[in-house]
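Peer 1: For reference, the file model-v6.cif (mmCIF, C-alpha atoms, pLDDT in the B column; chains and numbers go by the auth columns) is included below:
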data_final
#
loop_
_atom_site.group_PDB
_atom_site.id
_atom_site.type_symbol
_atom_site.label_atom_id
_atom_site.label_comp_id
_atom_site.label_asym_id
_atom_site.label_seq_id
_atom_site.Cartn_x
_atom_site.Cartn_y
_atom_site.Cartn_z
_atom_site.B_iso_or_equiv
_atom_site.auth_seq_id
_atom_site.auth_asym_id
ATOM 1 C CA MET A 1 109.747 108.408 114.684 96.00 1 A
ATOM 2 C CA LYS A 2 113.209 108.203 113.132 96.00 2 A
ATOM 3 C CA ILE A 3 115.413 105.180 113.808 98.00 3 A
ATOM 4 C CA ILE A 4 119.122 105.445 113.061 97.00 4 A
ATOM 5 C CA THR A 5 121.398 102.412 113.273 97.00 5 A
ATOM 6 C CA ILE A 6 125.031 102.924 114.241 94.00 6 A
ATOM 7 C CA ALA A 7 126.880 99.787 113.236 91.00 7 A
ATOM 8 C CA PRO A 8 129.893 98.784 115.326 88.00 8 A
ATOM 9 C CA ARG A 9 133.471 99.026 114.148 83.00 9 A
ATOM 10 C CA GLY A 10 135.055 95.720 114.935 78.00 10 A
ATOM 11 C CA PHE A 11 133.336 93.649 117.601 81.00 11 A
ATOM 12 C CA GLY A 12 130.265 95.214 119.144 84.00 12 A
ATOM 13 C CA ALA A 13 126.503 95.424 119.012 94.00 13 A
ATOM 14 C CA ASN A 14 124.212 97.495 116.855 97.00 14 A
ATOM 15 C CA THR A 15 123.358 100.820 118.478 97.00 15 A
ATOM 16 C CA TYR A 16 119.968 102.365 117.790 98.00 16 A
ATOM 17 C CA VAL A 17 119.092 106.049 118.024 98.00 17 A
ATOM 18 C CA LEU A 18 115.394 106.973 118.225 98.00 18 A
ATOM 19 C CA THR A 19 113.964 110.475 117.956 97.00 19 A
ATOM 20 C CA GLU A 20 110.592 112.079 117.369 97.00 20 A
ATOM 21 C CA ASP A 21 111.737 115.701 117.145 96.00 21 A
ATOM 22 C CA ASN A 22 115.244 115.431 115.634 94.00 22 A
ATOM 23 C CA GLN A 23 116.602 116.986 118.818 95.00 23 A
ATOM 24 C CA THR A 24 116.153 114.709 121.834 97.00 24 A
ATOM 25 C CA ALA A 25 116.894 111.015 121.508 97.00 25 A
ATOM 26 C CA ILE A 26 116.800 107.603 123.114 98.00 26 A
ATOM 27 C CA VAL A 27 119.838 105.404 122.526 98.00 27 A
ATOM 28 C CA ILE A 28 119.500 101.646 122.811 98.00 28 A
ATOM 29 C CA ASP A 29 122.674 99.682 123.621 98.00 29 A
ATOM 30 C CA PRO A 30 125.438 102.247 122.959 97.00 30 A
ATOM 31 C CA ALA A 31 128.123 99.708 122.188 95.00 31 A
ATOM 32 C CA GLN A 32 131.152 101.921 121.675 93.00 32 A
ATOM 33 C CA THR A 33 132.409 105.333 122.753 92.00 33 A
ATOM 34 C CA ARG A 34 132.339 106.489 119.122 91.00 34 A
ATOM 35 C CA VAL A 35 128.553 106.599 119.421 92.00 35 A
ATOM 36 C CA GLU A 36 128.936 109.951 121.174 93.00 36 A
ATOM 37 C CA SER A 37 130.695 111.560 118.209 92.00 37 A
ATOM 38 C CA GLU A 38 128.118 110.123 115.811 91.00 38 A
ATOM 39 C CA LEU A 39 125.354 111.691 117.879 92.00 39 A
ATOM 40 C CA ILE A 40 127.133 115.042 117.847 90.00 40 A
ATOM 41 C CA LYS A 41 127.252 114.851 114.044 92.00 41 A
ATOM 42 C CA LEU A 42 123.512 114.165 114.010 90.00 42 A
ATOM 43 C CA GLY A 43 122.866 117.093 116.338 93.00 43 A
ATOM 44 C CA PHE A 44 120.970 115.016 118.891 95.00 44 A
ATOM 45 C CA HIS A 45 120.900 115.395 122.657 94.00 45 A
ATOM 46 C CA VAL A 46 120.642 111.974 124.289 97.00 46 A
ATOM 47 C CA SER A 47 118.120 112.024 127.107 97.00 47 A
ATOM 48 C CA TYR A 48 117.911 108.278 127.818 98.00 48 A
ATOM 49 C CA VAL A 49 119.988 105.153 127.336 98.00 49 A
ATOM 50 C CA LEU A 50 118.142 101.829 127.319 98.00 50 A
ATOM 51 C CA LEU A 51 120.078 98.619 127.872 98.00 51 A
ATOM 52 C CA THR A 52 118.733 95.282 126.663 98.00 52 A
ATOM 53 C CA HIS A 53 121.415 93.636 128.829 98.00 53 A
ATOM 54 C CA CYS A 54 124.796 94.466 130.349 97.00 54 A
ATOM 55 C CA HIS A 55 127.262 92.462 128.254 97.00 55 A
ATOM 56 C CA PHE A 56 130.434 94.411 127.492 95.00 56 A
ATOM 57 C CA ASP A 57 129.783 94.586 123.740 96.00 57 A
ATOM 58 C CA HIS A 58 126.519 96.474 124.333 97.00 58 A
ATOM 59 C CA VAL A 59 127.592 99.051 126.937 97.00 59 A
ATOM 60 C CA GLY A 60 130.961 100.436 125.848 95.00 60 A
ATOM 61 C CA GLY A 61 129.528 103.900 125.214 96.00 61 A
ATOM 62 C CA VAL A 62 127.207 104.137 128.204 97.00 62 A
ATOM 63 C CA GLY A 63 129.632 105.990 130.469 96.00 63 A
ATOM 64 C CA VAL A 64 130.323 108.882 128.090 96.00 64 A
ATOM 65 C CA LEU A 65 126.629 109.356 127.386 97.00 65 A
ATOM 66 C CA GLN A 66 125.799 109.338 131.083 97.00 66 A
ATOM 67 C CA GLU A 67 128.485 111.941 131.687 96.00 67 A
ATOM 68 C CA SER A 68 126.759 114.145 129.110 94.00 68 A
ATOM 69 C CA GLY A 69 123.485 113.928 131.040 96.00 69 A
ATOM 70 C CA ALA A 70 121.706 110.831 129.745 98.00 70 A
ATOM 71 C CA LYS A 71 119.706 108.688 132.176 98.00 71 A
ATOM 72 C CA VAL A 72 120.461 104.964 132.009 98.00 72 A
ATOM 73 C CA LEU A 73 117.679 102.389 132.296 98.00 73 A
ATOM 74 C CA CYS A 74 117.487 98.599 132.175 98.00 74 A
ATOM 75 C CA SER A 75 115.374 95.835 133.644 98.00 75 A
ATOM 76 C CA LEU A 76 115.309 95.441 137.417 97.00 76 A
ATOM 77 C CA GLU A 77 116.745 91.934 137.068 97.00 77 A
ATOM 78 C CA GLU A 78 119.608 93.018 134.791 98.00 78 A
ATOM 79 C CA LYS A 79 120.658 95.806 137.153 97.00 79 A
ATOM 80 C CA LYS A 80 121.746 93.094 139.595 97.00 80 A
ATOM 81 C CA LEU A 81 124.289 91.763 137.067 97.00 81 A
ATOM 82 C CA ILE A 82 126.095 95.012 136.294 96.00 82 A
ATOM 83 C CA GLY A 83 129.622 94.963 137.660 94.00 83 A
ATOM 84 C CA THR A 84 129.598 91.183 138.155 95.00 84 A
ATOM 85 C CA GLN A 85 131.261 88.428 136.151 95.00 85 A
ATOM 86 C CA ALA A 86 128.013 88.128 134.217 95.00 86 A
ATOM 87 C CA ASP A 87 128.781 91.306 132.244 96.00 87 A
ATOM 88 C CA LEU A 88 131.673 89.443 130.503 95.00 88 A
ATOM 89 C CA PHE A 89 134.193 92.300 130.709 93.00 89 A
ATOM 90 C CA ASP A 90 136.677 90.086 132.540 94.00 90 A
ATOM 91 C CA ALA A 91 135.915 86.980 130.493 92.00 91 A
ATOM 92 C CA PHE A 92 136.794 88.780 127.251 92.00 92 A
ATOM 93 C CA GLY A 93 139.582 90.924 128.683 92.00 93 A
ATOM 94 C CA ALA A 94 137.754 94.158 127.930 91.00 94 A
ATOM 95 C CA PRO A 95 138.457 97.328 129.947 91.00 95 A
ATOM 96 C CA ARG A 96 135.581 98.018 132.305 93.00 96 A
ATOM 97 C CA VAL A 97 133.211 100.914 131.685 93.00 97 A
ATOM 98 C CA ALA A 98 131.944 102.859 134.700 93.00 98 A
ATOM 99 C CA TYR A 99 128.263 103.741 134.743 97.00 99 A
ATOM 100 C CA LYS A 100 125.260 103.424 137.009 97.00 100 A
ATOM 101 C CA VAL A 101 121.600 102.651 136.429 98.00 101 A
ATOM 102 C CA ASP A 102 119.319 105.618 137.079 98.00 102 A
ATOM 103 C CA ASP A 103 115.998 103.803 136.765 98.00 103 A
ATOM 104 C CA THR A 104 114.648 100.319 136.054 98.00 104 A
ATOM 105 C CA PHE A 105 111.759 98.644 134.288 98.00 105 A
ATOM 106 C CA ALA A 106 109.582 95.921 135.712 98.00 106 A
ATOM 107 C CA ASP A 107 108.218 93.376 133.256 98.00 107 A
ATOM 108 C CA ASN A 108 105.503 94.945 131.050 98.00 108 A
ATOM 109 C CA GLU A 109 106.133 98.386 132.516 98.00 109 A
ATOM 110 C CA THR A 110 105.686 101.325 130.143 98.00 110 A
ATOM 111 C CA LYS A 111 107.392 104.707 130.421 98.00 111 A
ATOM 112 C CA THR A 112 106.992 107.784 128.224 98.00 112 A
ATOM 113 C CA LEU A 113 110.452 108.893 127.098 98.00 113 A
ATOM 114 C CA CYS A 114 111.156 111.631 124.525 97.00 114 A
ATOM 115 C CA GLY A 115 107.565 111.455 123.327 96.00 115 A
ATOM 116 C CA MET A 116 107.685 107.683 122.759 98.00 116 A
ATOM 117 C CA GLN A 117 105.974 104.905 124.688 98.00 117 A
ATOM 118 C CA VAL A 118 108.611 102.430 125.867 98.00 118 A
ATOM 119 C CA LYS A 119 107.433 99.042 127.103 98.00 119 A
ATOM 120 C CA ALA A 120 109.938 96.612 128.619 98.00 120 A
ATOM 121 C CA ILE A 121 109.366 92.911 127.999 98.00 121 A
ATOM 122 C CA LEU A 122 111.468 90.678 130.243 98.00 122 A
ATOM 123 C CA THR A 123 113.023 87.953 128.078 98.00 123 A
ATOM 124 C CA PRO A 124 115.546 85.971 130.138 98.00 124 A
ATOM 125 C CA GLY A 125 117.694 83.414 128.383 98.00 125 A
ATOM 126 C CA HIS A 126 120.750 85.250 127.088 98.00 126 A
ATOM 127 C CA THR A 127 121.061 86.721 130.583 98.00 127 A
ATOM 128 C CA SER A 128 118.636 86.408 133.463 98.00 128 A
ATOM 129 C CA GLY A 129 117.597 90.043 133.124 98.00 129 A
ATOM 130 C CA SER A 130 117.595 90.475 129.356 98.00 130 A
ATOM 131 C CA CYS A 131 114.677 92.465 128.040 98.00 131 A
ATOM 132 C CA CYS A 132 113.242 93.597 124.747 98.00 132 A
ATOM 133 C CA TYR A 133 111.741 97.035 124.210 98.00 133 A
ATOM 134 C CA GLU A 134 108.522 97.615 122.323 98.00 134 A
ATOM 135 C CA ILE A 135 108.550 101.248 121.227 98.00 135 A
ATOM 136 C CA THR A 136 105.364 102.951 120.086 98.00 136 A
ATOM 137 C CA ALA A 137 105.834 106.145 118.089 97.00 137 A
ATOM 138 C CA LYS A 138 103.533 109.148 118.092 95.00 138 A
ATOM 139 C CA ASP A 139 102.018 107.963 114.814 96.00 139 A
ATOM 140 C CA GLY A 140 101.166 104.585 116.350 96.00 140 A
ATOM 141 C CA GLY A 141 103.970 102.633 114.703 97.00 141 A
ATOM 142 C CA ARG A 142 105.397 99.822 116.823 98.00 142 A
ATOM 143 C CA TYR A 143 108.973 98.563 116.789 98.00 143 A
ATOM 144 C CA LEU A 144 110.715 95.795 118.722 98.00 144 A
ATOM 145 C CA PHE A 145 114.323 96.010 119.899 98.00 145 A
ATOM 146 C CA THR A 146 115.429 92.534 120.899 98.00 146 A
ATOM 147 C CA GLY A 147 119.061 92.836 121.979 98.00 147 A
ATOM 148 C CA ASP A 148 120.584 89.353 121.955 98.00 148 A
ATOM 149 C CA THR A 149 117.323 87.495 122.425 98.00 149 A
ATOM 150 C CA LEU A 150 116.179 87.248 118.815 98.00 150 A
ATOM 151 C CA PHE A 151 118.229 87.733 115.640 98.00 151 A
ATOM 152 C CA ALA A 152 117.381 87.420 111.974 98.00 152 A
ATOM 153 C CA GLY A 153 117.431 83.654 111.520 97.00 153 A
ATOM 154 C CA SER A 154 118.970 82.912 114.892 97.00 154 A
ATOM 155 C CA ILE A 155 118.948 83.650 118.642 98.00 155 A
ATOM 156 C CA GLY A 156 121.428 84.726 121.293 97.00 156 A
ATOM 157 C CA ARG A 157 123.740 82.355 123.108 97.00 157 A
ATOM 158 C CA THR A 158 122.557 80.773 126.336 98.00 158 A
ATOM 159 C CA ASP A 159 125.881 79.437 127.661 97.00 159 A
ATOM 160 C CA PHE A 160 127.104 82.628 129.317 97.00 160 A
ATOM 161 C CA PRO A 161 126.667 83.269 133.071 97.00 161 A
ATOM 162 C CA THR A 162 122.951 83.440 134.050 98.00 162 A
ATOM 163 C CA GLY A 163 121.950 82.223 130.572 98.00 163 A
ATOM 164 C CA SER A 164 119.368 79.480 130.203 98.00 164 A
ATOM 165 C CA LEU A 165 118.128 77.638 127.129 97.00 165 A
ATOM 166 C CA ALA A 166 114.867 76.755 128.868 98.00 166 A
ATOM 167 C CA GLN A 167 114.220 80.399 129.734 98.00 167 A
ATOM 168 C CA MET A 168 115.219 81.467 126.223 98.00 168 A
ATOM 169 C CA ARG A 169 112.625 79.152 124.713 98.00 169 A
ATOM 170 C CA GLU A 170 109.962 80.565 127.023 98.00 170 A
ATOM 171 C CA SER A 171 110.978 84.112 126.073 98.00 171 A
ATOM 172 C CA LEU A 172 110.916 83.334 122.358 98.00 172 A
ATOM 173 C CA PHE A 173 107.502 81.725 122.713 97.00 173 A
ATOM 174 C CA ARG A 174 106.304 84.903 124.374 97.00 174 A
ATOM 175 C CA LEU A 175 107.544 86.997 121.457 97.00 175 A
ATOM 176 C CA THR A 176 105.726 84.785 118.947 96.00 176 A
ATOM 177 C CA LYS A 177 102.431 85.915 120.486 96.00 177 A
ATOM 178 C CA PHE A 178 103.027 89.552 119.551 97.00 178 A
ATOM 179 C CA ASN A 179 101.505 91.037 116.423 96.00 179 A
ATOM 180 C CA ASP A 180 103.890 91.610 113.541 97.00 180 A
ATOM 181 C CA MET A 181 106.327 94.525 113.776 98.00 181 A
ATOM 182 C CA PRO A 182 109.862 95.387 112.654 98.00 182 A
ATOM 183 C CA VAL A 183 112.603 93.794 114.728 98.00 183 A
ATOM 184 C CA TYR A 184 115.898 95.546 115.441 98.00 184 A
ATOM 185 C CA ALA A 185 118.368 93.083 116.953 98.00 185 A
ATOM 186 C CA GLY A 186 121.621 93.506 118.809 96.00 186 A
ATOM 187 C CA HIS A 187 123.543 91.947 115.924 96.00 187 A
ATOM 188 C CA GLN A 188 122.903 91.350 112.229 93.00 188 A
ATOM 189 C CA GLU A 189 120.261 92.975 110.102 95.00 189 A
ATOM 190 C CA GLU A 190 116.704 94.193 110.653 97.00 190 A
ATOM 191 C CA THR A 191 113.897 91.668 110.302 98.00 191 A
ATOM 192 C CA THR A 192 110.225 91.283 111.266 98.00 192 A
ATOM 193 C CA LEU A 193 108.401 89.062 113.705 98.00 193 A
ATOM 194 C CA SER A 194 106.346 87.526 110.904 97.00 194 A
ATOM 195 C CA GLN A 195 109.496 86.625 108.975 97.00 195 A
ATOM 196 C CA GLU A 196 111.077 85.021 112.022 97.00 196 A
ATOM 197 C CA LYS A 197 107.941 83.056 112.837 96.00 197 A
ATOM 198 C CA LYS A 198 108.041 81.592 109.318 96.00 198 A
ATOM 199 C CA THR A 199 111.739 80.931 108.888 97.00 199 A
ATOM 200 C CA ASN A 200 113.718 81.086 112.140 97.00 200 A
ATOM 201 C CA PRO A 201 114.551 77.469 113.069 97.00 201 A
ATOM 202 C CA PHE A 202 114.545 78.312 116.769 96.00 202 A
ATOM 203 C CA LEU A 203 110.930 79.509 116.605 96.00 203 A
ATOM 204 C CA LEU A 204 109.442 76.853 114.348 94.00 204 A
ATOM 205 C CA ASP A 205 109.091 74.204 117.067 88.00 205 A
ATOM 206 C CA LEU A 206 107.706 76.475 119.788 89.00 206 A
#
Using structure tokens, write down the structure that the file contains.
Peer 2:
Amino acid sequence: MKIITIAPRGFGANTYVLTEDNQTAIVIDPAQTRVESELIKLGFHVSYVLLTHCHFDHVGGVGVLQESGAKVLCSLEEKKLIGTQADLFDAFGAPRVAYKVDDTFADNETKTLCGMQVKAILTPGHTSGSCCYEITAKDGGRYLFTGDTLFAGSIGRTDFPTGSLAQMRESLFRLTKFNDMPVYAGHQEETTLSQEKKTNPFLLDL
């Protein structure tokens, strides 16, 4: 499985492109409309968009990808927040992006998408419907995409609408029980679960 990171220009989240065949791809959190042109350069057709949560800085490119035929998925709980004040478009004065959710994940549900096994892990705290995605490649490799739940050395904010520090701590504790794997977060650099368990101050007292 190939993982390509598209870093934001200005304020925005990391966007991740996953492909097994160098043709069809999953995109996680397309933060900006420029993601579409980057994908065209790569020669990928986007079949699915996965959202870790619906905050404006993670979904700016969802609409254009959906218009090109991509199916949009998120957790069942997060779907309820799309188009509400909880998506932070209004709070940050960002122009709204129109898109709809085509399918949802229940907690621990696994779907096969573009030849990859995608498991959704509900991790409320940053938002009430935030989720992480554990992706298993054809070769058995496992990768964790954490959105704004877990960062390298830090965690996501819990003071936005539907956020909860208590829920965040429960979600982080849940992640500490997973075996080691690479972690691709919504912001900052790549890390690993083992590294975060050893050094992340928000995990040390769980």
Peer 1: Calculated over all atoms listed in the file, which of the candidates A:Val101, A:Leu88, A:Met181, A:Val49 has the smallest distance to Gly141 of chain A?
Peer 2: A:Met181
Peer 1: Where does the PyMOL selection byres ((chain A and resi 197-206) around 9) land in this file, that is, which residues does it pick, as a PyMOL selection string?
Peer 2: chain A and resi 151-155+169-170+172-173+176+192-196
Peer 1: Exactly which residues make up the result of the PyMOL selection byres ((chain A and resi 12) around 8) on this file, given as a ChimeraX atom specification?
Peer 2: /A:8-11,13-14,31-32,57-58
Peer 1: What does the distance between atom CA of Ser128 of chain A and atom CA of Gly163 of chain A come to in Å, to one decimal place?
Peer 2: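 Computing the Euclidean distance for atom CA of Ser128 of chain A and atom CA of Gly163 of chain A yields 6.1 Å.
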Peer 1: Name every residue that the PyMOL selection byres ((chain A and resi 97) around 7) selects in this structure, writing the answer as a ChimeraX atom specification with chains first and numbers rising.
Peer 2: /A:60,63,95-96,98-99
Peer 1: Figure out the distance between atom CA of Met168 of chain A and atom CA of Pro124 of chain A, please, to one decimal in Å.
Peer 2: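 A separation of 6.0 Å between them.
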Peer 1: Quick one: of A:Cys132, A:Ala7, A:Val59, A:Cys114, who's nearest to His187 of chain A, counting all atoms listed in the file?
Peer 2: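 Under the stated criterion, the closest residue is A:Ala7.
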